[in-house]
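One file, my_file_10.pdb, carrying PDB, C-alpha atoms:
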MODEL        1
ATOM      1  CA  ASN T   1      -0.598  -9.950   1.703
ATOM      2  CA  ARG T   2      -0.574 -12.608  -0.952
ATOM      3  CA  ILE T   3      -1.109 -16.312  -0.828
ATOM      4  CA  LEU T   4       0.480 -18.397  -3.572
ATOM      5  CA  VAL T   5      -1.546 -21.530  -4.247
ATOM      6  CA  GLN T   6      -0.520 -24.427  -6.485
ATOM      7  CA  SER T   7      -2.942 -24.825  -9.400
ATOM      8  CA  GLY T   8      -3.818 -28.426  -8.521
ATOM      9  CA  ILE T   9      -5.368 -27.402  -5.193
ATOM     10  CA  TYR T  10      -6.321 -23.801  -5.994
ATOM     11  CA  ASP T  11     -10.108 -24.215  -6.259
ATOM     12  CA  ARG T  12     -10.361 -26.471  -3.198
ATOM     13  CA  PHE T  13      -8.125 -24.146  -1.156
ATOM     14  CA  ALA T  14     -10.020 -21.019  -2.244
ATOM     15  CA  GLY T  15     -13.351 -22.599  -1.295
ATOM     16  CA  ALA T  16     -12.110 -23.669   2.137
ATOM     17  CA  LEU T  17     -10.544 -20.258   2.806
ATOM     18  CA  VAL T  18     -13.742 -18.437   1.817
ATOM     19  CA  GLU T  19     -15.784 -20.608   4.191
ATOM     20  CA  ALA T  20     -13.345 -19.927   7.051
ATOM     21  CA  VAL T  21     -13.236 -16.173   6.355
ATOM     22  CA  LYS T  22     -17.036 -15.932   6.288
ATOM     23  CA  LYS T  23     -17.060 -17.150   9.905
ATOM     24  CA  LEU T  24     -14.876 -14.271  11.140
ATOM     25  CA  ALA T  25     -16.674 -11.694  13.293
ATOM     26  CA  VAL T  26     -15.953  -8.004  12.697
ATOM     27  CA  GLY T  27     -16.236  -5.488  15.529
ATOM     28  CA  PRO T  28     -14.494  -3.683  18.365
ATOM     29  CA  GLY T  29     -11.831  -5.797  20.018
ATOM     30  CA  ILE T  30     -13.433  -5.388  23.434
ATOM     31  CA  GLU T  31     -16.497  -7.310  22.275
ATOM     32  CA  ALA T  32     -16.428 -11.040  22.966
ATOM     33  CA  GLY T  33     -16.138 -13.173  19.856
ATOM     34  CA  THR T  34     -14.587 -10.477  17.685
ATOM     35  CA  ASN T  35     -11.897 -11.718  15.276
ATOM     36  CA  ILE T  36     -11.322  -8.654  13.090
ATOM     37  CA  GLY T  37     -11.000  -5.174  14.556
ATOM     38  CA  PRO T  38     -10.723  -1.758  12.936
ATOM     39  CA  LEU T  39      -7.972  -0.458  10.718
ATOM     40  CA  ILE T  40      -5.803   2.293  12.166
ATOM     41  CA  ASN T  41      -7.337   5.298  10.354
ATOM     42  CA  SER T  42      -9.374   6.427   7.351
ATOM     43  CA  GLU T  43      -6.262   6.489   5.149
ATOM     44  CA  ALA T  44      -5.787   2.772   5.839
ATOM     45  CA  ILE T  45      -9.383   2.065   4.765
ATOM     46  CA  ALA T  46      -8.861   4.156   1.617
ATOM     47  CA  LYS T  47      -5.688   2.205   0.805
ATOM     48  CA  VAL T  48      -7.451  -1.145   1.173
ATOM     49  CA  GLU T  49     -10.370   0.058  -0.982
ATOM     50  CA  THR T  50      -7.961   1.352  -3.645
ATOM     51  CA  LEU T  51      -5.920  -1.860  -3.783
ATOM     52  CA  VAL T  52      -9.009  -4.094  -3.895
ATOM     53  CA  GLY T  53     -10.644  -1.840  -6.512
ATOM     54  CA  ASP T  54      -7.532  -1.877  -8.684
ATOM     55  CA  ALA T  55      -7.300  -5.675  -8.473
ATOM     56  CA  VAL T  56     -10.964  -6.125  -9.412
ATOM     57  CA  LYS T  57     -10.625  -3.678 -12.305
ATOM     58  CA  ARG T  58      -7.661  -5.752 -13.569
ATOM     59  CA  GLY T  59      -9.557  -9.052 -13.399
ATOM     60  CA  ALA T  60      -9.446 -10.298  -9.805
ATOM     61  CA  LYS T  61     -12.662 -11.770  -8.445
ATOM     62  CA  VAL T  62     -14.076 -10.971  -5.006
ATOM     63  CA  LEU T  63     -14.801 -14.391  -3.501
ATOM     64  CA  THR T  64     -16.048 -12.881  -0.237
ATOM     65  CA  GLY T  65     -15.978  -9.447   1.394
ATOM     66  CA  GLY T  66     -14.445  -6.745  -0.737
ATOM     67  CA  ALA T  67     -16.128  -3.768   0.932
ATOM     68  CA  PRO T  68     -16.251  -1.717   4.137
ATOM     69  CA  ASP T  69     -18.119  -3.342   7.012
ATOM     70  CA  ALA T  70     -21.241  -1.989   8.727
ATOM     71  CA  ALA T  71     -19.417  -2.118  12.095
ATOM     72  CA  GLY T  72     -18.124   1.413  11.487
ATOM     73  CA  PRO T  73     -16.045   3.679   9.265
ATOM     74  CA  LEU T  74     -12.716   2.000  10.121
ATOM     75  CA  PHE T  75     -13.858  -1.583   9.601
ATOM     76  CA  TYR T  76     -13.342  -3.594   6.415
ATOM     77  CA  ARG T  77     -14.936  -6.965   5.757
ATOM     78  CA  PRO T  78     -12.538  -9.922   5.823
ATOM     79  CA  SER T  79     -11.986 -10.569   2.129
ATOM     80  CA  VAL T  80     -10.646 -13.140  -0.275
ATOM     81  CA  LEU T  81      -9.716 -12.188  -3.830
ATOM     82  CA  GLY T  82      -9.238 -14.884  -6.463
ATOM     83  CA  ASP T  83      -7.514 -14.765  -9.857
ATOM     84  CA  VAL T  84      -4.979 -12.230  -8.580
ATOM     85  CA  THR T  85      -1.971 -11.775 -10.869
ATOM     86  CA  PRO T  86       1.567 -10.567 -10.088
ATOM     87  CA  ASP T  87       1.099  -7.303 -12.003
ATOM     88  CA  MET T  88      -1.630  -6.065  -9.640
ATOM     89  CA  SER T  89      -0.804  -3.425  -7.027
ATOM     90  CA  ILE T  90      -2.279  -5.615  -4.277
ATOM     91  CA  VAL T  91       0.589  -8.065  -4.875
ATOM     92  CA  ARG T  92       3.263  -5.351  -4.973
ATOM     93  CA  GLU T  93       2.251  -3.286  -1.915
ATOM     94  CA  GLU T  94       1.658  -4.094   1.739
ATOM     95  CA  ILE T  95      -2.074  -3.791   2.280
ATOM     96  CA  PHE T  96      -2.321  -3.870   6.104
ATOM     97  CA  GLY T  97      -5.952  -4.900   5.881
ATOM     98  CA  PRO T  98      -7.991  -8.122   6.153
ATOM     99  CA  VAL T  99      -7.617  -9.143   2.513
ATOM    100  CA  ALA T 100      -6.172 -12.429   1.224
ATOM    101  CA  ALA T 101      -5.035 -12.168  -2.389
ATOM    102  CA  LEU T 102      -4.807 -15.621  -3.994
ATOM    103  CA  VAL T 103      -2.184 -16.029  -6.727
ATOM    104  CA  ARG T 104      -2.075 -19.257  -8.721
ATOM    105  CA  PHE T 105       1.243 -20.981  -9.593
ATOM    106  CA  ASP T 106       2.205 -24.236 -11.296
ATOM    107  CA  THR T 107       5.815 -25.107 -10.415
ATOM    108  CA  GLU T 108       8.030 -24.784  -7.364
ATOM    109  CA  ALA T 109      10.419 -22.532  -9.278
ATOM    110  CA  GLU T 110       7.549 -20.260 -10.281
ATOM    111  CA  ALA T 111       6.356 -20.038  -6.667
ATOM    112  CA  ILE T 112       9.827 -19.094  -5.402
ATOM    113  CA  LYS T 113      10.188 -16.448  -8.101
ATOM    114  CA  LEU T 114       6.759 -14.979  -7.266
ATOM    115  CA  ALA T 115       7.447 -15.059  -3.521
ATOM    116  CA  ASN T 116      10.793 -13.292  -3.868
ATOM    117  CA  ASP T 117       9.586 -10.699  -6.382
ATOM    118  CA  THR T 118       8.950  -8.021  -3.761
ATOM    119  CA  PRO T 119      10.998  -5.328  -2.051
ATOM    120  CA  PHE T 120       9.811  -6.715   1.295
ATOM    121  CA  GLY T 121      11.047  -9.723   3.227
ATOM    122  CA  LEU T 122       9.909  -9.907   6.833
ATOM    123  CA  ALA T 123       8.262 -13.323   6.910
ATOM    124  CA  ALA T 124       7.251 -16.060   4.514
ATOM    125  CA  TYR T 125       5.267 -19.209   5.096
ATOM    126  CA  LEU T 126       5.101 -22.468   3.200
ATOM    127  CA  PHE T 127       3.062 -25.578   3.606
ATOM    128  CA  SER T 128       4.210 -28.967   2.366
ATOM    129  CA  GLN T 129       4.288 -32.538   3.618
ATOM    130  CA  ASN T 130       7.510 -33.142   1.690
ATOM    131  CA  LEU T 131      10.396 -32.334   4.051
ATOM    132  CA  SER T 132      12.977 -32.093   1.262
ATOM    133  CA  ARG T 133      10.814 -29.605  -0.635
ATOM    134  CA  ALA T 134      10.021 -27.623   2.511
ATOM    135  CA  TRP T 135      13.712 -27.247   3.400
ATOM    136  CA  ARG T 136      14.750 -26.468  -0.189
ATOM    137  CA  VAL T 137      12.075 -23.802  -0.643
ATOM    138  CA  ALA T 138      12.618 -22.278   2.818
ATOM    139  CA  GLU T 139      16.304 -21.776   2.024
ATOM    140  CA  LYS T 140      15.462 -20.055  -1.283
ATOM    141  CA  LEU T 141      12.889 -17.627   0.137
ATOM    142  CA  ASP T 142      14.174 -14.072   0.621
ATOM    143  CA  ALA T 143      12.699 -13.509   4.072
ATOM    144  CA  GLY T 144      14.136 -12.976   7.521
ATOM    145  CA  MET T 145      11.812 -15.599   8.993
ATOM    146  CA  VAL T 146      10.149 -18.622   7.389
ATOM    147  CA  GLY T 147       7.355 -20.681   8.902
ATOM    148  CA  VAL T 148       7.042 -24.218   7.541
ATOM    149  CA  ASN T 149       3.563 -25.654   8.128
ATOM    150  CA  GLU T 150       3.156 -23.006  10.817
ATOM    151  CA  GLY T 151       1.408 -19.650  10.632
ATOM    152  CA  ILE T 152       2.356 -18.254  14.046
ATOM    153  CA  PHE T 153       5.985 -18.675  14.990
ATOM    154  CA  SER T 154       7.065 -15.401  16.580
ATOM    155  CA  ASN T 155       7.814 -15.141  20.295
ATOM    156  CA  GLU T 156      10.390 -13.595  22.626
ATOM    157  CA  VAL T 157      13.061 -16.245  22.041
ATOM    158  CA  VAL T 158      12.992 -15.995  18.246
ATOM    159  CA  PRO T 159      15.313 -13.616  16.357
ATOM    160  CA  PHE T 160      12.570 -11.406  14.844
ATOM    161  CA  GLY T 161      13.504  -9.392  11.755
ATOM    162  CA  GLY T 162      13.459  -9.177   8.000
ATOM    163  CA  VAL T 163      15.552  -8.573   4.905
ATOM    164  CA  LYS T 164      15.354  -6.085   2.033
ATOM    165  CA  GLU T 165      13.048  -3.166   2.930
ATOM    166  CA  SER T 166      11.674  -5.116   5.890
ATOM    167  CA  GLY T 167      14.631  -4.361   8.100
ATOM    168  CA  LEU T 168      18.167  -4.969   9.129
ATOM    169  CA  GLY T 169      19.199  -6.748  12.299
ATOM    170  CA  ARG T 170      17.076  -8.734  14.723
ATOM    171  CA  GLU T 171      14.986  -8.169  17.832
ATOM    172  CA  GLY T 172      14.746 -10.760  20.594
ATOM    173  CA  ALA T 173      16.774 -13.891  21.225
ATOM    174  CA  ALA T 174      20.541 -13.793  21.598
ATOM    175  CA  GLU T 175      20.844 -12.274  18.106
ATOM    176  CA  GLY T 176      18.876  -9.228  19.279
ATOM    177  CA  LEU T 177      21.727  -8.315  21.622
ATOM    178  CA  ASP T 178      24.150  -7.930  18.710
ATOM    179  CA  GLU T 179      22.794  -4.435  17.967
ATOM    180  CA  TYR T 180      23.978  -3.302  21.415
ATOM    181  CA  LEU T 181      27.435  -4.878  21.404
ATOM    182  CA  GLU T 182      30.772  -3.845  19.961
ATOM    183  CA  VAL T 183      33.076  -6.522  18.629
ATOM    184  CA  LYS T 184      36.769  -6.184  19.393
ATOM    185  CA  TYR T 185      39.314  -8.340  17.640
ATOM    186  CA  ILE T 186      42.668  -8.879  19.381
ATOM    187  CA  CYS T 187      45.414 -10.821  17.668
ATOM    188  CA  LEU T 188      48.331 -11.930  19.845
ATOM    189  CA  GLY T 189      51.514 -13.184  18.365
ATOM    190  CA  ALA T 190      55.097 -14.015  19.408
ATOM    191  CA  ILE T 191      54.682 -13.632  23.160
ATOM    192  CA  ASP T 192      57.538 -14.784  25.354
ATOM    193  CA  ALA T 193      56.608 -15.970  28.816
TER     194      ALA T 193
ENDMDL
END
Is it possible to express this structure as C-alpha coordinates?
Amino acid sequence: NRILVQSGIYDRFAGALVEAVKKLAVGPGIEAGTNIGPLINSEAIAKVETLVGDAVKRGAKVLTGGAPDAAGPLFYRPSVLGDVTPDMSIVREEIFGPVAALVRFDTEAEAIKLANDTPFGLAAYLFSQNLSRAWRVAEKLDAGMVGVNEGIFSNEVVPFGGVKESGLGREGAAEGLDEYLEVKYICLGAIDA
(Lines of atoms letter the chains of each structure in order from A and count residues from 1; the text may use other names and numbers.)
(Lines give C-alpha, C1' and ligand atoms only; values in the text may rest on other atoms or scores of the structure.)
Protein backbone atom coordinates (compact mmCIF):
# COMPACT_ATOMS: atom_id res chain seq x y z
CA ASN A 1 0.00 0.00 0.00
CA ARG A 2 2.72 2.44 0.87
CA ILE A 3 6.30 2.72 -0.20
CA LEU A 4 8.69 4.48 2.15
CA VAL A 5 11.51 6.15 0.24
CA GLN A 6 14.61 7.76 1.75
CA SER A 7 14.74 11.48 0.95
CA GLY A 8 18.14 11.26 -0.76
CA ILE A 9 16.78 9.01 -3.52
CA TYR A 10 13.10 10.02 -3.44
CA ASP A 11 12.96 12.04 -6.67
CA ARG A 12 15.04 9.54 -8.66
CA PHE A 13 13.00 6.60 -7.32
CA ALA A 14 9.67 8.33 -8.00
CA GLY A 15 10.70 9.11 -11.58
CA ALA A 16 11.82 5.54 -12.27
CA LEU A 17 8.66 4.08 -10.71
CA VAL A 18 6.42 6.38 -12.76
CA GLU A 19 8.18 5.33 -15.98
CA ALA A 20 7.77 1.63 -15.09
CA VAL A 21 4.10 2.05 -14.11
CA LYS A 22 3.29 3.88 -17.35
CA LYS A 23 4.37 0.74 -19.25
CA LEU A 24 1.80 -1.48 -17.50
CA ALA A 25 -1.09 -2.64 -19.69
CA VAL A 26 -4.60 -2.60 -18.23
CA GLY A 27 -7.23 -5.07 -19.43
CA PRO A 28 -8.86 -8.46 -18.98
CA GLY A 29 -6.43 -11.08 -17.74
CA ILE A 30 -7.19 -13.36 -20.68
CA GLU A 31 -5.71 -10.83 -23.09
CA ALA A 32 -2.04 -11.32 -23.91
CA GLY A 33 0.22 -8.63 -22.52
CA THR A 34 -2.13 -7.54 -19.75
CA ASN A 35 -0.42 -6.63 -16.46
CA ILE A 36 -3.28 -5.09 -14.48
CA GLY A 37 -6.73 -6.67 -14.37
CA PRO A 38 -10.00 -5.50 -12.86
CA LEU A 39 -10.80 -4.88 -9.24
CA ILE A 40 -13.24 -7.28 -7.62
CA ASN A 41 -16.38 -5.08 -7.66
CA SER A 42 -17.69 -1.52 -7.86
CA GLU A 43 -17.21 -1.04 -4.11
CA ALA A 44 -13.49 -1.72 -4.57
CA ILE A 45 -13.29 0.94 -7.30
CA ALA A 46 -15.17 3.39 -5.06
CA LYS A 47 -12.74 2.70 -2.21
CA VAL A 48 -9.71 3.33 -4.41
CA GLU A 49 -11.25 6.55 -5.77
CA THR A 50 -12.08 7.72 -2.23
CA LEU A 51 -8.60 7.02 -0.87
CA VAL A 52 -6.85 8.65 -3.84
CA GLY A 53 -9.22 11.64 -3.70
CA ASP A 54 -8.65 12.10 0.02
CA ALA A 55 -4.87 11.95 -0.44
CA VAL A 56 -4.94 14.51 -3.26
CA LYS A 57 -7.20 16.81 -1.25
CA ARG A 58 -4.67 16.62 1.62
CA GLY A 59 -1.69 17.49 -0.60
CA ALA A 60 -0.57 14.31 -2.37
CA LYS A 61 0.35 14.68 -6.03
CA VAL A 62 -0.77 12.27 -8.75
CA LEU A 63 2.45 11.41 -10.59
CA THR A 64 0.66 9.06 -12.98
CA GLY A 65 -2.78 7.45 -13.18
CA GLY A 66 -5.15 8.51 -10.44
CA ALA A 67 -8.40 7.70 -12.25
CA PRO A 68 -10.56 4.85 -13.55
CA ASP A 69 -9.33 3.25 -16.77
CA ALA A 70 -11.20 3.15 -20.09
CA ALA A 71 -10.92 -0.68 -20.10
CA GLY A 72 -14.19 -0.88 -18.16
CA PRO A 73 -16.04 0.02 -14.97
CA LEU A 74 -13.92 -2.23 -12.72
CA PHE A 75 -10.53 -1.10 -14.01
CA TYR A 76 -8.35 1.55 -12.36
CA ARG A 77 -5.23 3.01 -13.94
CA PRO A 78 -1.96 1.95 -12.33
CA SER A 79 -1.10 4.98 -10.21
CA VAL A 80 1.72 6.57 -8.30
CA LEU A 81 1.04 9.24 -5.68
CA GLY A 82 3.87 11.45 -4.44
CA ASP A 83 4.13 13.63 -1.33
CA VAL A 84 1.96 11.22 0.66
CA THR A 85 2.04 11.81 4.42
CA PRO A 86 1.35 9.42 7.31
CA ASP A 87 -1.88 11.20 8.29
CA MET A 88 -3.59 10.35 4.99
CA SER A 89 -6.17 7.55 4.88
CA ILE A 90 -4.32 5.90 1.98
CA VAL A 91 -1.45 5.18 4.39
CA ARG A 92 -3.73 3.91 7.17
CA GLU A 93 -6.03 1.60 5.16
CA GLU A 94 -5.45 -1.32 2.82
CA ILE A 95 -6.33 -0.06 -0.64
CA PHE A 96 -6.42 -3.32 -2.66
CA GLY A 97 -5.94 -1.38 -5.87
CA PRO A 98 -3.07 -0.54 -8.25
CA VAL A 99 -1.87 2.54 -6.37
CA ALA A 100 1.63 3.13 -5.00
CA ALA A 101 1.67 5.78 -2.28
CA LEU A 102 5.18 7.22 -1.84
CA VAL A 103 6.07 8.42 1.66
CA ARG A 104 9.34 10.26 2.21
CA PHE A 105 11.57 9.54 5.26
CA ASP A 106 14.99 10.73 6.41
CA THR A 107 16.36 8.29 9.01
CA GLU A 108 16.27 4.55 9.56
CA ALA A 109 14.47 5.03 12.87
CA GLU A 110 11.83 7.17 11.18
CA ALA A 111 11.30 4.53 8.48
CA ILE A 112 10.84 1.75 11.05
CA LYS A 113 8.38 3.86 13.02
CA LEU A 114 6.38 4.67 9.86
CA ALA A 115 6.43 1.05 8.70
CA ASN A 116 5.20 -0.28 12.03
CA ASP A 117 2.55 2.40 12.55
CA THR A 118 -0.29 0.28 11.16
CA PRO A 119 -2.70 -2.29 12.54
CA PHE A 120 -1.63 -4.64 9.74
CA GLY A 121 1.46 -6.80 9.46
CA LEU A 122 1.35 -9.45 6.76
CA ALA A 123 4.47 -8.61 4.78
CA ALA A 124 7.11 -5.91 4.61
CA TYR A 125 9.91 -5.38 2.15
CA LEU A 126 13.17 -3.50 2.41
CA PHE A 127 15.92 -2.78 -0.02
CA SER A 128 19.49 -2.09 1.06
CA GLN A 129 22.98 -3.09 0.01
CA ASN A 130 24.13 -2.87 3.63
CA LEU A 131 23.68 -6.34 5.15
CA SER A 132 23.92 -5.09 8.74
CA ARG A 133 21.21 -2.50 8.12
CA ALA A 134 19.02 -4.99 6.25
CA TRP A 135 19.17 -7.52 9.10
CA ARG A 136 18.68 -4.86 11.80
CA VAL A 137 15.66 -3.31 10.08
CA ALA A 138 14.12 -6.68 9.16
CA GLU A 139 14.20 -7.73 12.82
CA LYS A 140 12.49 -4.48 13.89
CA LEU A 141 9.66 -4.63 11.34
CA ASP A 142 6.32 -5.80 12.76
CA ALA A 143 5.42 -8.17 9.94
CA GLY A 144 4.99 -11.91 9.66
CA MET A 145 7.18 -12.02 6.56
CA VAL A 146 9.97 -9.71 5.41
CA GLY A 147 11.54 -9.66 1.96
CA VAL A 148 15.03 -8.17 1.80
CA ASN A 149 15.91 -7.00 -1.71
CA GLU A 150 13.14 -9.29 -2.94
CA GLY A 151 9.57 -8.44 -3.87
CA ILE A 152 8.21 -11.95 -4.44
CA PHE A 153 9.14 -14.47 -1.78
CA SER A 154 6.01 -16.51 -1.10
CA ASN A 155 5.73 -20.15 -2.15
CA GLU A 156 4.51 -23.47 -0.77
CA VAL A 157 7.54 -24.10 1.44
CA VAL A 158 7.42 -20.73 3.19
CA PRO A 159 5.48 -20.24 6.45
CA PHE A 160 2.94 -17.71 5.10
CA GLY A 161 1.20 -15.50 7.66
CA GLY A 162 1.11 -12.17 9.41
CA VAL A 163 0.94 -10.44 12.77
CA LYS A 164 -1.45 -7.91 14.31
CA GLU A 165 -4.71 -7.73 12.32
CA SER A 166 -3.09 -9.63 9.45
CA GLY A 167 -3.47 -12.99 11.10
CA LEU A 168 -2.38 -15.53 13.61
CA GLY A 169 -0.58 -18.74 12.76
CA ARG A 170 0.98 -19.81 9.48
CA GLU A 171 0.00 -21.60 6.29
CA GLY A 172 2.43 -23.83 4.40
CA ALA A 173 5.80 -25.21 5.41
CA ALA A 174 6.25 -27.31 8.53
CA GLU A 175 4.92 -24.42 10.65
CA GLY A 176 1.58 -24.66 8.84
CA LEU A 177 1.02 -28.10 10.36
CA ASP A 178 1.10 -26.67 13.89
CA GLU A 179 -2.53 -25.52 13.58
CA TYR A 180 -3.59 -29.16 13.16
CA LEU A 181 -1.52 -30.71 15.95
CA GLU A 182 -1.99 -31.04 19.68
CA VAL A 183 1.05 -30.83 21.92
CA LYS A 184 1.24 -33.25 24.83
CA TYR A 185 3.81 -32.81 27.54
CA ILE A 186 4.78 -35.89 29.57
CA CYS A 187 7.17 -35.59 32.47
CA LEU A 188 8.63 -38.83 33.83
CA GLY A 189 10.39 -38.97 37.11
CA ALA A 190 11.71 -41.53 39.62
CA ILE A 191 11.14 -44.67 37.56
CA ASP A 192 12.63 -47.89 38.85
CA ALA A 193 13.54 -50.47 36.24
Self-check item: Near-Ser128 (chain T) list (10 Å; all atoms listed in the file; drop same-chain fewer than 6 positions) as a PyMOL selection string
Solution: chain T and resi 134-135+137+148-149
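Neighbouring residues of Leu4 (chain T) at 8 Å or closer, counting all atoms listed in the file and skipping chain neighbours under 5 positions away, are T:Leu102, T:Val103, T:Arg104, T:Phe105, T:Ala111, T:Ala115.
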Just C-alpha atoms for this one: save the residues we selected as a PDB file, in the frame of the given file.
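After the write, part37.pdb holds the following:
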ATOM      1  CA  LEU T 102      -4.807 -15.621  -3.994  1.00  0.00           C
ATOM      2  CA  VAL T 103      -2.184 -16.029  -6.727  1.00  0.00           C
ATOM      3  CA  ARG T 104      -2.075 -19.257  -8.721  1.00  0.00           C
ATOM      4  CA  PHE T 105       1.243 -20.981  -9.593  1.00  0.00           C
ATOM      5  CA  ALA T 111       6.356 -20.038  -6.667  1.00  0.00           C
ATOM      6  CA  ALA T 115       7.447 -15.059  -3.521  1.00  0.00           C
TER       7      ALA T 115
END
Identify all residues satisfying the PyMOL selection byres ((chain T and resi 150) around 8) in the given file; provide them as a list in words.
->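 Taken over the shown coordinates, the PyMOL selection byres ((chain T and resi 150) around 8) returns Tyr125, Leu126, Phe127, Gly147, Val148, Asn149, Gly151, Ile152 and Phe153 of chain T.
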Show me, as a short mmCIF file (atom, residue, chain, number, x, y, z; two decimals) with C-alpha atoms, in the coordinates of the input, the residues that have an atom within 10 Å of Lys140 (chain T) when counting only C-alpha atoms, minus same-chain residues fewer than 2 positions from it.
data_model
loop_
_atom_site.label_atom_id
_atom_site.label_comp_id
_atom_site.auth_asym_id
_atom_site.auth_seq_id
_atom_site.Cartn_x
_atom_site.Cartn_y
_atom_site.Cartn_z
CA ALA T 109 10.42 -22.53 -9.28
CA ILE T 112 9.83 -19.09 -5.40
CA LYS T 113 10.19 -16.45 -8.10
CA ALA T 115 7.45 -15.06 -3.52
CA ASN T 116 10.79 -13.29 -3.87
CA TRP T 135 13.71 -27.25 3.40
CA ARG T 136 14.75 -26.47 -0.19
CA VAL T 137 12.08 -23.80 -0.64
CA ALA T 138 12.62 -22.28 2.82
CA ASP T 142 14.17 -14.07 0.62
CA ALA T 143 12.70 -13.51 4.07
#
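Our summary of the geometry notes that CA of Val18 (chain T) is positioned 12.0 Å from CA of Gly66 (chain T).
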**Study point:** Point-to-point distance in Å for CA of Ile40 (chain T) and CA of Asn155 (chain T)
**Key:**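 Distance between the two atoms: 23.6 Å.
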Query raised in the report: Quick one: residues within 12 Å of Arg58 (chain T), only C-alpha atoms counted, chain neighbours fewer than 4 positions away excluded, as a list in words?
Result: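 The contact residues come out as Leu51, Val52, Gly53, Asp54, Val62, Leu81, Gly82, Asp83, Val84, Thr85, Pro86, Asp87, Met88, Ser89 and Ile90 of chain T.
Of the listed residues T:Thr107, T:Gly172, T:Ala123, T:Leu181, the one whose atoms come nearest to Ser7 (chain T) is T:Thr107, with distances taken using only C-alpha atoms.
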What separates CA of Gly176 (chain T) and CA of Gly121 (chain T) is a distance of 17.9 Å
Q.
So that I can check the surroundings of Glu175 (chain T), please list as a list of chain:residue names every protein, DNA and RNA residue that reaches within 10 Å of it, counting all atoms listed in the file and ignoring chain neighbours fewer than 2 positions away.
A.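 Those residues are T:Val157, T:Val158, T:Pro159, T:Phe160, T:Gly169, T:Arg170, T:Glu171, T:Gly172, T:Ala173, T:Leu177, T:Asp178, T:Glu179.
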Residue with the minimum atom-to-atom distance to Val26 (chain T), picked from T:Asp192, T:Glu139, T:Glu49, T:Asp69 with only C-alpha atoms counted, is T:Asp69
